[in-house]
>>> print(open('data_0.tsv').read())   # TSV, C-alpha atoms
chain	number	residue	atom	x	y	z
U	1	MET	CA	91.38	123.99	53.70
U	2	ASP	CA	90.42	124.06	57.38
U	3	GLU	CA	89.67	120.43	58.21
U	4	SER	CA	88.66	121.38	61.76
U	5	LYS	CA	85.32	122.67	60.42
U	6	ASP	CA	84.39	119.09	59.69
U	7	LEU	CA	84.91	118.08	63.32
U	8	SER	CA	82.38	118.34	66.10
U	9	VAL	CA	82.75	121.01	68.78
U	10	ASP	CA	83.58	118.26	71.28
U	11	THR	CA	86.62	117.33	69.20
U	12	ARG	CA	87.64	120.86	68.25
U	13	VAL	CA	87.99	122.09	71.84
U	14	VAL	CA	90.39	119.19	72.48
U	15	ARG	CA	92.34	119.23	69.22
U	16	ASN	CA	92.47	122.93	68.28
U	17	LYS	CA	96.07	123.97	67.38
U	18	PRO	CA	96.28	127.72	66.69
U	19	TYR	CA	100.02	127.89	65.93
U	20	LYS	CA	100.72	127.79	62.19
U	21	LYS	CA	104.52	128.01	62.32
U	22	PRO	CA	107.30	127.48	64.86
U	23	VAL	CA	107.64	130.20	67.48
U	24	ASN	CA	110.87	131.43	69.02
U	25	PRO	CA	110.06	132.79	72.50
U	26	LEU	CA	112.59	134.81	74.49
U	27	SER	CA	111.58	133.13	77.75
U	28	THR	CA	111.58	129.36	78.06
U	29	PRO	CA	108.00	128.06	77.72
U	30	ILE	CA	106.49	125.97	80.50
U	31	PHE	CA	105.76	122.59	78.94
U	32	SER	CA	103.01	121.58	81.35
U	33	THR	CA	102.41	118.17	79.85
U	34	SER	CA	102.65	114.68	81.24
U	35	THR	CA	103.14	112.93	77.90
U	36	TYR	CA	104.12	113.59	74.28
U	37	VAL	CA	102.78	112.70	70.85
U	38	LEU	CA	105.04	110.12	69.21
U	39	GLU	CA	106.16	110.19	65.60
U	40	SER	CA	105.75	106.44	65.20
U	41	ALA	CA	105.74	103.16	67.09
U	42	GLU	CA	109.45	102.86	66.34
U	43	HIS	CA	110.03	106.33	67.82
U	44	GLY	CA	108.27	105.23	71.02
U	45	LYS	CA	110.36	102.09	71.15
U	46	LEU	CA	113.61	104.04	70.83
U	47	LEU	CA	112.55	106.47	73.55
U	48	ALA	CA	111.73	103.63	75.92
U	49	ILE	CA	115.16	102.09	75.38
U	50	ASP	CA	117.41	105.17	75.18
U	51	LYS	CA	116.20	108.75	74.69
U	52	GLU	CA	119.58	109.74	73.22
U	53	LYS	CA	118.80	107.56	70.19
U	54	ALA	CA	115.42	109.14	69.56
U	55	GLY	CA	116.58	112.12	67.51
U	56	SER	CA	115.19	115.64	67.74
U	57	SER	CA	112.15	114.67	69.84
U	58	PRO	CA	113.59	112.89	72.90
U	59	TRP	CA	110.54	113.14	75.19
U	60	LEU	CA	108.28	110.25	76.09
U	61	TYR	CA	106.89	111.00	79.56
U	62	SER	CA	107.58	113.89	81.94
U	63	ARG	CA	108.70	111.69	84.81
U	64	TRP	CA	111.62	110.84	82.51
U	65	SER	CA	112.34	114.24	80.97
U	66	ASN	CA	110.62	117.49	80.03
U	67	PRO	CA	111.67	120.31	77.66
U	68	THR	CA	111.46	123.03	80.32
U	69	VAL	CA	113.40	120.95	82.82
U	70	ASP	CA	115.97	120.16	80.12
U	71	VAL	CA	116.73	123.87	79.79
U	72	ALA	CA	117.24	124.26	83.56
U	73	GLU	CA	119.58	121.26	83.49
U	74	HIS	CA	121.52	122.76	80.59
U	75	TYR	CA	122.05	126.02	82.49
U	76	ILE	CA	123.36	124.27	85.61
U	77	ASN	CA	125.51	121.85	83.63
U	78	ASP	CA	127.16	124.76	81.85
U	79	LEU	CA	127.78	126.57	85.15
U	80	GLU	CA	129.30	123.48	86.77
U	81	HIS	CA	131.36	122.32	83.75
U	82	GLY	CA	129.68	118.91	83.87
U	83	LYS	CA	129.02	116.07	81.48
U	84	GLY	CA	125.36	115.90	82.43
U	85	THR	CA	122.98	117.45	84.97
U	86	LEU	CA	119.70	116.24	86.43
U	87	ALA	CA	117.09	118.43	88.13
U	88	PHE	CA	115.08	117.17	91.09
U	89	SER	CA	111.99	118.07	93.07
U	90	SER	CA	114.13	119.03	96.10
U	91	GLY	CA	117.70	119.14	97.32
U	92	MET	CA	117.09	116.03	99.41
U	93	ALA	CA	115.70	114.21	96.36
U	94	ALA	CA	119.00	115.04	94.65
U	95	VAL	CA	121.12	113.88	97.61
U	96	SER	CA	119.23	110.64	98.20
U	97	THR	CA	118.97	109.70	94.51
U	98	ALA	CA	122.66	110.32	93.89
U	99	LEU	CA	123.60	108.10	96.84
U	100	ILE	CA	121.09	105.35	96.11
U	101	SER	CA	122.22	105.22	92.49
U	102	VAL	CA	125.75	104.06	93.34
U	103	LEU	CA	125.38	102.26	96.68
U	104	ARG	CA	124.42	98.66	97.41
U	105	SER	CA	123.95	96.65	100.60
U	106	GLY	CA	127.34	96.05	102.18
U	107	ASP	CA	128.85	99.30	100.88
U	108	HIS	CA	130.48	101.96	103.03
U	109	VAL	CA	130.36	105.78	102.86
U	110	ILE	CA	132.69	108.35	104.39
U	111	ALA	CA	130.90	111.59	105.30
U	112	PRO	CA	131.83	114.77	107.19
U	113	GLU	CA	130.98	116.19	110.56
U	114	PRO	CA	129.10	118.45	110.37
U	115	VAL	CA	126.67	117.52	107.60
U	116	TYR	CA	123.16	118.76	106.85
U	117	SER	CA	120.62	117.01	109.06
U	118	GLY	CA	118.60	115.60	106.15
U	119	THR	CA	121.74	114.07	104.69
U	120	PHE	CA	122.69	112.75	108.13
U	121	GLU	CA	119.33	111.02	108.44
U	122	ILE	CA	119.57	109.50	104.96
U	123	LEU	CA	123.01	108.11	105.76
U	124	ASN	CA	122.47	107.16	109.38
U	125	GLU	CA	118.93	105.81	109.14
U	126	THR	CA	117.57	105.14	105.64
U	127	LEU	CA	120.71	103.75	104.00
U	128	ARG	CA	121.76	101.97	107.18
U	129	SER	CA	118.46	100.08	107.12
U	130	PHE	CA	119.46	98.85	103.65
U	131	GLY	CA	122.85	97.62	104.84
U	132	VAL	CA	124.99	100.65	103.96
U	133	GLU	CA	127.32	101.85	106.72
U	134	THR	CA	128.71	105.38	107.15
U	135	THR	CA	131.78	106.65	108.97
U	136	PHE	CA	131.61	110.31	109.96
U	137	VAL	CA	134.92	112.16	110.16
U	138	ASN	CA	136.20	115.68	110.79
U	139	ALA	CA	135.28	117.69	107.67
U	140	THR	CA	138.50	119.70	107.78
U	141	ASP	CA	140.90	116.74	108.16
U	142	SER	CA	141.77	115.13	104.82
U	143	ASN	CA	143.84	112.49	106.62
U	144	ALA	CA	140.73	111.41	108.51
U	145	PHE	CA	138.98	110.72	105.20
U	146	SER	CA	141.98	108.75	103.96
U	147	GLU	CA	142.25	106.73	107.16
U	148	ALA	CA	138.54	105.88	107.08
U	149	VAL	CA	138.73	104.12	103.70
U	150	GLN	CA	137.78	100.44	103.91
U	151	ASP	CA	137.71	97.62	101.39
U	152	ASN	CA	133.98	98.16	100.92
U	153	THR	CA	134.06	101.98	100.75
U	154	ARG	CA	132.22	103.22	97.70
U	155	VAL	CA	131.60	106.96	98.22
U	156	ILE	CA	133.30	109.93	99.86
U	157	TYR	CA	130.66	112.59	100.51
U	158	VAL	CA	131.50	116.16	101.61
U	159	GLU	CA	129.97	119.60	102.10
U	160	SER	CA	132.10	122.65	101.47
U	161	PRO	CA	131.42	125.19	102.85
U	162	ALA	CA	129.68	123.09	105.49
U	163	ASN	CA	126.17	123.70	106.75
U	164	PRO	CA	126.09	125.55	109.13
U	165	THR	CA	129.65	125.99	110.42
U	166	MET	CA	131.23	127.26	107.19
U	167	SER	CA	134.12	124.82	107.61
U	168	LEU	CA	135.86	123.81	104.36
U	169	THR	CA	137.11	120.52	102.97
U	170	ASP	CA	140.13	120.44	100.67
U	171	LEU	CA	138.50	119.29	97.44
U	172	TRP	CA	141.76	118.58	95.61
U	173	GLU	CA	142.81	116.23	98.41
U	174	ILE	CA	139.41	114.53	98.60
U	175	SER	CA	139.32	113.93	94.85
U	176	SER	CA	142.87	112.56	95.00
U	177	ILE	CA	141.96	110.16	97.81
U	178	ALA	CA	138.84	109.03	95.95
U	179	LYS	CA	140.68	108.44	92.68
U	180	SER	CA	143.54	106.55	94.34
U	181	HIS	CA	141.03	104.09	95.84
U	182	GLY	CA	138.60	103.92	92.91
U	183	LEU	CA	135.84	105.70	94.87
U	184	ILE	CA	133.12	108.15	93.83
U	185	SER	CA	133.47	111.64	95.33
U	186	MET	CA	130.35	113.72	95.93
U	187	ILE	CA	129.92	117.25	97.24
U	188	ASP	CA	126.98	119.31	98.39
U	189	SER	CA	128.13	122.67	97.03
U	190	THR	CA	124.94	124.57	97.84
U	191	PHE	CA	126.58	127.16	100.11
U	192	ALA	CA	129.14	128.13	97.48
U	193	SER	CA	127.01	128.19	94.32
U	194	PRO	CA	128.63	127.58	90.92
U	195	ILE	CA	129.67	131.23	90.81
U	196	ASN	CA	132.06	130.82	93.72
U	197	GLN	CA	133.25	127.23	93.25
U	198	ASN	CA	133.40	124.50	90.58
U	199	PRO	CA	134.21	121.18	92.25
U	200	ILE	CA	134.39	119.18	89.01
U	201	ASP	CA	137.36	121.34	88.00
U	202	LEU	CA	138.96	120.19	91.26
U	203	GLY	CA	138.44	116.51	90.48
U	204	ILE	CA	135.10	115.84	92.22
U	205	ASP	CA	132.78	113.37	90.47
U	206	VAL	CA	129.31	114.54	91.53
U	207	VAL	CA	128.17	118.06	92.48
U	208	ILE	CA	124.85	118.46	94.30
U	209	HIS	CA	122.86	121.62	94.93
U	210	SER	CA	119.73	122.42	96.81
U	211	ALA	CA	118.55	124.62	93.95
U	212	THR	CA	115.96	126.01	96.35
U	213	LYS	CA	118.78	128.22	97.60
U	214	TYR	CA	121.16	130.35	95.53
U	215	LEU	CA	120.28	128.87	92.13
U	216	GLY	CA	116.60	129.70	92.54
U	217	GLY	CA	117.42	132.74	94.61
U	218	HIS	CA	113.93	133.99	95.52
U	219	SER	CA	112.61	131.57	98.17
U	220	ASP	CA	109.74	130.55	95.91
U	221	ILE	CA	110.65	127.04	94.75
U	222	ILE	CA	111.86	123.71	96.11
U	223	ALA	CA	114.39	122.12	93.76
U	224	GLY	CA	117.66	120.21	93.57
U	225	SER	CA	120.31	119.28	91.04
U	226	VAL	CA	123.03	116.72	90.45
U	227	THR	CA	125.87	117.40	88.00
U	228	CYS	CA	128.19	114.57	86.96
U	229	ALA	CA	131.79	114.59	85.78
U	230	THR	CA	131.18	111.60	83.49
U	231	PRO	CA	128.37	110.52	81.15
U	232	GLU	CA	128.36	107.11	82.88
U	233	LEU	CA	127.47	108.56	86.27
U	234	HIS	CA	124.88	110.83	84.66
U	235	LYS	CA	123.19	107.86	83.00
U	236	LYS	CA	123.19	105.83	86.22
U	237	ILE	CA	121.63	108.62	88.30
U	238	TYR	CA	119.15	109.45	85.53
U	239	GLN	CA	117.89	105.86	85.59
U	240	THR	CA	117.36	106.01	89.36
U	241	ARG	CA	115.58	109.36	89.18
U	242	LYS	CA	113.31	107.99	86.46
U	243	LEU	CA	112.31	105.09	88.69
U	244	LEU	CA	112.03	106.95	92.01
U	245	GLY	CA	110.12	109.81	90.42
U	246	GLY	CA	111.92	112.79	91.95
U	247	MET	CA	111.65	114.88	88.77
U	248	LEU	CA	111.44	118.67	88.99
U	249	SER	CA	108.11	120.06	87.79
U	250	PRO	CA	108.14	122.24	84.63
U	251	GLN	CA	106.62	125.16	86.56
U	252	ASP	CA	109.43	125.09	89.12
U	253	ALA	CA	111.97	124.58	86.33
U	254	PHE	CA	110.73	127.81	84.74
U	255	LEU	CA	111.28	129.70	88.01
U	256	LEU	CA	114.68	128.05	88.44
U	257	ILE	CA	115.74	129.18	84.95
U	258	ARG	CA	114.61	132.71	85.76
U	259	GLY	CA	116.61	132.63	88.99
U	260	ILE	CA	119.76	131.33	87.35
U	261	LYS	CA	119.77	134.21	84.87
U	262	THR	CA	120.52	136.63	87.74
U	263	LEU	CA	122.76	134.26	89.73
U	264	ALA	CA	126.06	135.97	88.90
U	265	VAL	CA	124.91	139.47	89.82
U	266	ARG	CA	123.14	138.23	92.95
U	267	MET	CA	126.18	136.30	94.16
U	268	GLU	CA	128.38	139.36	93.69
U	269	ARG	CA	126.08	141.22	96.12
U	270	HIS	CA	125.74	138.25	98.51
U	271	ASN	CA	129.52	137.91	98.67
U	272	SER	CA	130.11	141.63	99.21
U	273	ASN	CA	127.36	142.05	101.78
U	274	ALA	CA	128.37	138.99	103.77
U	275	LEU	CA	131.99	140.07	104.05
U	276	GLN	CA	130.91	143.47	105.40
U	277	VAL	CA	128.48	141.86	107.84
U	278	ALA	CA	131.06	139.29	108.98
U	279	GLU	CA	133.61	142.03	109.63
U	280	PHE	CA	131.02	143.97	111.65
U	281	LEU	CA	130.07	140.91	113.72
U	282	GLU	CA	133.71	140.06	114.37
U	283	SER	CA	134.32	143.56	115.74
U	284	HIS	CA	131.25	143.58	118.01
U	285	PRO	CA	131.94	143.06	121.74
U	286	LYS	CA	128.82	140.92	122.24
U	287	VAL	CA	129.75	138.44	119.48
U	288	HIS	CA	131.86	135.56	120.74
U	289	ARG	CA	132.96	134.09	117.43
U	290	VAL	CA	132.29	134.44	113.70
U	291	TYR	CA	132.72	131.74	111.04
U	292	TYR	CA	133.12	133.09	107.50
U	293	PRO	CA	135.72	131.85	104.97
U	294	GLY	CA	136.36	135.38	103.72
U	295	LEU	CA	137.70	136.53	107.09
U	296	ILE	CA	141.46	136.32	107.62
U	297	SER	CA	140.64	134.88	111.05
U	298	HIS	CA	138.94	131.85	109.51
U	299	PRO	CA	141.25	128.86	110.07
U	300	GLN	CA	140.90	127.84	106.41
U	301	TYR	CA	141.15	131.27	104.83
U	302	GLU	CA	144.06	130.20	102.62
U	303	LEU	CA	142.17	127.11	101.45
U	304	ALA	CA	139.13	129.27	100.70
U	305	LYS	CA	141.25	131.51	98.48
U	306	LYS	CA	142.68	128.45	96.72
U	307	GLN	CA	139.43	126.68	95.81
U	308	MET	CA	136.82	129.45	95.84
U	309	ARG	CA	136.39	132.64	93.80
U	310	GLY	CA	134.04	134.21	96.36
U	311	PHE	CA	133.06	133.33	99.90
U	312	SER	CA	129.25	133.12	99.75
U	313	GLY	CA	126.53	134.92	101.67
U	314	MET	CA	126.47	132.48	104.59
U	315	ILE	CA	127.78	133.32	108.07
U	316	ALA	CA	127.70	131.38	111.33
U	317	PHE	CA	128.29	133.12	114.64
U	318	GLU	CA	127.84	132.84	118.39
U	319	VAL	CA	126.90	135.66	120.74
U	320	GLU	CA	128.05	136.14	124.31
U	321	GLY	CA	125.53	134.50	126.60
U	322	GLY	CA	125.11	131.35	124.51
U	323	LEU	CA	121.79	129.76	123.65
U	324	GLU	CA	119.38	132.07	125.47
U	325	ALA	CA	121.11	135.24	124.29
U	326	GLY	CA	121.12	133.90	120.73
U	327	LYS	CA	117.41	133.15	120.80
U	328	LYS	CA	116.64	136.61	122.16
U	329	MET	CA	118.81	138.25	119.55
U	330	ILE	CA	117.18	136.60	116.53
U	331	GLU	CA	113.70	137.44	117.84
U	332	ASP	CA	114.56	141.15	118.12
U	333	LEU	CA	115.49	141.65	114.46
U	334	SER	CA	113.28	143.57	112.05
U	335	VAL	CA	115.04	143.63	108.66
U	336	ILE	CA	116.42	140.10	108.91
U	337	GLU	CA	113.65	137.50	108.97
U	338	LEU	CA	113.59	134.53	111.37
U	339	ALA	CA	113.24	131.58	108.98
U	340	VAL	CA	115.03	128.46	107.86
U	341	SER	CA	116.42	128.04	104.34
U	342	LEU	CA	118.93	130.36	102.72
U	343	GLY	CA	120.26	131.85	99.51
U	344	GLY	CA	117.30	134.09	98.71
U	345	VAL	CA	117.42	137.81	98.05
U	346	GLU	CA	116.22	138.51	101.61
U	347	SER	CA	118.36	138.03	104.74
U	348	LEU	CA	117.31	135.12	106.95
U	349	ILE	CA	118.54	133.94	110.34
U	350	GLU	CA	117.92	130.78	112.34
U	351	HIS	CA	119.12	128.85	115.39
U	352	ALA	CA	120.89	125.89	113.82
U	353	ALA	CA	120.96	123.48	116.78
U	354	SER	CA	117.19	123.52	117.32
U	355	MET	CA	115.98	124.13	113.77
U	356	THR	CA	117.87	122.90	110.69
U	357	HIS	CA	120.16	120.56	112.69
U	358	GLY	CA	117.83	119.62	115.54
U	359	MET	CA	117.43	116.08	114.17
U	360	ILE	CA	121.10	115.26	114.81
U	361	PRO	CA	121.87	113.87	118.30
U	362	ARG	CA	123.51	116.55	120.45
U	363	GLU	CA	126.77	114.66	120.96
U	364	GLU	CA	127.29	114.22	117.23
U	365	ARG	CA	126.14	117.77	116.52
U	366	LEU	CA	128.68	119.18	118.99
U	367	ARG	CA	131.43	117.02	117.53
U	368	GLY	CA	130.79	118.71	114.19
U	369	GLY	CA	130.99	122.18	115.71
U	370	VAL	CA	127.24	122.91	115.79
U	371	THR	CA	127.13	124.35	119.30
U	372	ASP	CA	123.95	125.07	121.23
U	373	GLY	CA	124.25	128.81	120.61
U	374	LEU	CA	125.31	128.78	116.96
U	375	LEU	CA	123.29	131.10	114.70
U	376	ARG	CA	123.19	130.79	110.92
U	377	LEU	CA	122.76	133.97	108.91
U	378	SER	CA	121.96	134.01	105.20
U	379	VAL	CA	122.92	137.52	104.09
U	380	GLY	CA	120.63	138.82	101.37
U	381	ILE	CA	121.08	141.51	98.75
U	382	GLU	CA	119.59	144.38	100.77
U	383	TYR	CA	121.61	147.55	101.39
U	384	PRO	CA	124.42	146.27	103.65
U	385	GLU	CA	124.18	149.13	106.16
U	386	ASP	CA	120.53	148.23	106.81
U	387	ILE	CA	121.50	144.64	107.62
U	388	ILE	CA	124.34	145.77	109.88
U	389	GLN	CA	122.14	148.33	111.67
U	390	ASP	CA	119.51	145.66	112.31
U	391	LEU	CA	122.10	143.33	113.83
U	392	ASN	CA	123.58	146.17	115.87
U	393	GLN	CA	120.29	147.21	117.42
U	394	SER	CA	119.43	143.62	118.30
U	395	LEU	CA	122.85	142.97	119.85
U	396	SER	CA	122.57	146.17	121.88
U	397	LEU	CA	119.54	144.68	123.68
U	398	LEU	CA	121.53	141.73	125.05
>>> encode(input="data_0.tsv", output="structure tokens")
Amino acid sequence: MDESKDLSVDTRVVRNKPYKKPVNPLSTPIFSTSTYVLESAEHGKLLAIDKEKAGSSPWLYSRWSNPTVDVAEHYINDLEHGKGTLAFSSGMAAVSTALISVLRSGDHVIAPEPVYSGTFEILNETLRSFGVETTFVNATDSNAFSEAVQDNTRVIYVESPANPTMSLTDLWEISSIAKSHGLISMIDSTFASPINQNPIDLGIDVVIHSATKYLGGHSDIIAGSVTCATPELHKKIYQTRKLLGGMLSPQDAFLLIRGIKTLAVRMERHNSNALQVAEFLESHPKVHRVYYPGLISHPQYELAKKQMRGFSGMIAFEVEGGLEAGKKMIEDLSVIELAVSLGGVESLIEHAASMTHGMIPREERLRGGVTDGLLRLSVGIEYPEDIIQDLNQSLSLL
């Protein structure tokens, strides 16, 4: 019996449910819903207290969790060997929420030079205004991290490879320092991707990604993720995300899932292309210096081989003639696009000191190795000879 025939058209257009049995789609559906029908008042009560206790239907409200987002989190958690992953509306939402979740007024953070400018501003401005102090140390010097530990230190935060200099931090040593002092270790591992590096396996507590980059892979979403080594940290950061509201949208989660499915094959091409491009740049007479962990000339090449399986698609380099020559060079490219961001299928280049890291005071930027003429190249998956030819023709004009 079709009870809907007894309802008015006004009700039927709202309540019509055409599916008669469960479906099993190949692609993850986009659950574009803000709220969910509850099984009972008791079910709603359990969800409000602890979604893990709510059984097979753990969704109450999409600021808290969403089925499409859950799938994206599952993918990343599996890649990073975590005990729980949370997806965010941006990489900076992930960074800031992870930090805010574990820090209180009077706490102290140790962070690297260089560090991404958004992270620098969160640490140096936002958290400082709440009474949290940060000591910035040389990213490549594990002893500097150890020596910076204070009685009130709560977090050691690192980037490896670093944005934009491609310097590395010894993750085994950082995790050892953190554990010996009862601290929480966090890493922004965006430049590596989970294909090239798994920090949790090296003892790190929290792994952060700007999922806008390699995880998404197509320059069409803004997203972030936090993966935790323990359920306790996952629960703490989940609670803060729920309250601050930095949840990834289901539409962007769908695109993130689609991107992750090709991550391994894309990273293989990014890694291969970047090594060829880095070798070309290093051999060019108009290039002053190249920073790429896969080059034998990189000062941390042995460390890169120890803690990474691949060396990423990111390169930093300086051309002869400094700032003005660098600006001219990036404006004369045709295959490589002049744009910020990274990790997409297309090659992108930018001037780090004035663009992505322009918010950092020059003195502190230089101390971290971000010189006035440093260029950051995100090598895409195009045919490598086309990328190299584009760079060559631009360099020949200098």
>>> residues_around(input="data_0.tsv", residues="Ser283 in chain U", least_positions_apart="4", cutoff="12 Å", atoms="only C-alpha atoms", output="ChimeraX atom specification")
/U:276-279,287-290,295,297,319,388,392
>>> closest_residue(input="data_0.tsv", among="U:Val379, U:Ala162, U:Val340, U:Ile260", to="Pro114 in chain U", atoms="only C-alpha atoms")
U:Ala162
>>> atom_distance(input="data_0.tsv", atom1="CA of Glu331 in chain U", atom2="CA of Ala352 in chain U")
14.2 Å
>>> residues_around(input="data_0.tsv", residues="Phe311 in chain U", least_positions_apart="6", cutoff="10 Å", atoms="all atoms listed in the file", output="PDB file with C-alpha atoms, keeping the file's coordinate frame")
ATOM      1  CA  PRO U 161     131.420 125.190 102.850  1.00  0.00           C
ATOM      2  CA  MET U 166     131.230 127.260 107.190  1.00  0.00           C
ATOM      3  CA  PHE U 191     126.580 127.160 100.110  1.00  0.00           C
ATOM      4  CA  ALA U 192     129.140 128.130  97.480  1.00  0.00           C
ATOM      5  CA  SER U 193     127.010 128.190  94.320  1.00  0.00           C
ATOM      6  CA  ILE U 195     129.670 131.230  90.810  1.00  0.00           C
ATOM      7  CA  ASN U 196     132.060 130.820  93.720  1.00  0.00           C
ATOM      8  CA  GLN U 197     133.250 127.230  93.250  1.00  0.00           C
ATOM      9  CA  MET U 267     126.180 136.300  94.160  1.00  0.00           C
ATOM     10  CA  GLU U 268     128.380 139.360  93.690  1.00  0.00           C
ATOM     11  CA  HIS U 270     125.740 138.250  98.510  1.00  0.00           C
ATOM     12  CA  ASN U 271     129.520 137.910  98.670  1.00  0.00           C
ATOM     13  CA  SER U 272     130.110 141.630  99.210  1.00  0.00           C
ATOM     14  CA  ALA U 274     128.370 138.990 103.770  1.00  0.00           C
ATOM     15  CA  LEU U 275     131.990 140.070 104.050  1.00  0.00           C
ATOM     16  CA  TYR U 292     133.120 133.090 107.500  1.00  0.00           C
ATOM     17  CA  PRO U 293     135.720 131.850 104.970  1.00  0.00           C
ATOM     18  CA  GLY U 294     136.360 135.380 103.720  1.00  0.00           C
ATOM     19  CA  LEU U 295     137.700 136.530 107.090  1.00  0.00           C
ATOM     20  CA  TYR U 301     141.150 131.270 104.830  1.00  0.00           C
ATOM     21  CA  ALA U 304     139.130 129.270 100.700  1.00  0.00           C
ATOM     22  CA  LYS U 305     141.250 131.510  98.480  1.00  0.00           C
TER      23      LYS U 305
END
>>> closest_residue(input="data_0.tsv", among="U:Leu127, U:Ile387, U:Leu248, U:Ile330", to="Thr68 in chain U", atoms="only C-alpha atoms")
U:Leu248
>>> residues_around(input="data_0.tsv", residues="Thr28 in chain U", least_positions_apart="6", cutoff="9 Å", atoms="only C-alpha atoms", output="ChimeraX atom specification")
/U:68,71,254,257-258
>>> write_last_selection(input="data_0.tsv", atoms="C-alpha atoms", output="mmCIF file, in the frame of the given file")
data_model
loop_
_atom_site.group_PDB
_atom_site.id
_atom_site.type_symbol
_atom_site.label_atom_id
_atom_site.label_comp_id
_atom_site.auth_asym_id
_atom_site.auth_seq_id
_atom_site.Cartn_x
_atom_site.Cartn_y
_atom_site.Cartn_z
ATOM 1 C CA THR U 68 111.460 123.030 80.320
ATOM 2 C CA VAL U 71 116.730 123.870 79.790
ATOM 3 C CA PHE U 254 110.730 127.810 84.740
ATOM 4 C CA ILE U 257 115.740 129.180 84.950
ATOM 5 C CA ARG U 258 114.610 132.710 85.760
#
>>> atom_distance(input="data_0.tsv", atom1="CA of Arg269 in chain U", atom2="CA of Ser341 in chain U")
18.3 Å
>>> atom_distance(input="data_0.tsv", atom1="CA of Ser225 in chain U", atom2="CA of Gly118 in chain U")
15.6 Å
>>> residues_near_point(input="data_0.tsv", point="(117.9, 124.8, 94.3)", cutoff="8 Å", atoms="all atoms listed in the file", output="short mmCIF file (atom, residue, chain, number, x, y, z; two decimals) with C-alpha atoms, in the frame of the given file")
data_model
loop_
_atom_site.label_atom_id
_atom_site.label_comp_id
_atom_site.auth_asym_id
_atom_site.auth_seq_id
_atom_site.Cartn_x
_atom_site.Cartn_y
_atom_site.Cartn_z
CA SER U 90 114.13 119.03 96.10
CA GLY U 91 117.70 119.14 97.32
CA THR U 190 124.94 124.57 97.84
CA HIS U 209 122.86 121.62 94.93
CA SER U 210 119.73 122.42 96.81
CA ALA U 211 118.55 124.62 93.95
CA THR U 212 115.96 126.01 96.35
CA LYS U 213 118.78 128.22 97.60
CA TYR U 214 121.16 130.35 95.53
CA LEU U 215 120.28 128.87 92.13
CA GLY U 216 116.60 129.70 92.54
CA GLY U 217 117.42 132.74 94.61
CA ILE U 221 110.65 127.04 94.75
CA ILE U 222 111.86 123.71 96.11
CA ALA U 223 114.39 122.12 93.76
CA GLY U 224 117.66 120.21 93.57
CA SER U 225 120.31 119.28 91.04
CA LEU U 256 114.68 128.05 88.44
#
>>> closest_residue(input="data_0.tsv", among="U:Gly131, U:Gly245, U:Gly84, U:Gly380", to="Met314 in chain U", atoms="only C-alpha atoms")
U:Gly380
>>> decode(input="data_0.tsv", residues="range 273-305 of chain U", atoms="C-alpha atoms", output="mmCIF file, in the first residue's frame")
data_model
loop_
_atom_site.group_PDB
_atom_site.id
_atom_site.type_symbol
_atom_site.label_atom_id
_atom_site.label_comp_id
_atom_site.auth_asym_id
_atom_site.auth_seq_id
_atom_site.Cartn_x
_atom_site.Cartn_y
_atom_site.Cartn_z
ATOM 1 C CA ASN U 273 59.674 14.671 -12.543
ATOM 2 C CA ALA U 274 61.041 16.766 -9.694
ATOM 3 C CA LEU U 275 64.295 14.829 -9.516
ATOM 4 C CA GLN U 276 64.849 15.335 -13.257
ATOM 5 C CA VAL U 277 64.009 19.031 -12.999
ATOM 6 C CA ALA U 278 66.228 19.499 -9.929
ATOM 7 C CA GLU U 279 69.158 17.848 -11.714
ATOM 8 C CA PHE U 280 68.614 20.124 -14.724
ATOM 9 C CA LEU U 281 68.468 23.259 -12.562
ATOM 10 C CA GLU U 282 71.584 22.247 -10.648
ATOM 11 C CA SER U 283 73.511 21.888 -13.908
ATOM 12 C CA HIS U 284 72.374 25.239 -15.351
ATOM 13 C CA PRO U 285 74.962 28.055 -15.257
ATOM 14 C CA LYS U 286 72.357 30.713 -14.416
ATOM 15 C CA VAL U 287 71.047 28.858 -11.350
ATOM 16 C CA HIS U 288 72.908 29.759 -8.174
ATOM 17 C CA ARG U 289 71.612 27.034 -5.883
ATOM 18 C CA VAL U 290 69.003 24.259 -5.815
ATOM 19 C CA TYR U 291 67.312 22.802 -2.728
ATOM 20 C CA TYR U 292 65.851 19.321 -3.250
ATOM 21 C CA PRO U 293 66.241 16.395 -0.797
ATOM 22 C CA GLY U 294 66.699 13.915 -3.629
ATOM 23 C CA LEU U 295 69.918 15.579 -4.810
ATOM 24 C CA ILE U 296 73.179 14.194 -3.432
ATOM 25 C CA SER U 297 74.225 17.826 -2.940
ATOM 26 C CA HIS U 298 71.409 18.427 -0.463
ATOM 27 C CA PRO U 299 73.008 18.708 3.000
ATOM 28 C CA GLN U 300 70.437 16.282 4.432
ATOM 29 C CA TYR U 301 70.378 13.767 1.611
ATOM 30 C CA GLU U 302 71.224 10.888 3.956
ATOM 31 C CA LEU U 303 68.464 11.910 6.374
ATOM 32 C CA ALA U 304 66.028 12.118 3.465
ATOM 33 C CA LYS U 305 66.866 8.545 2.484
#
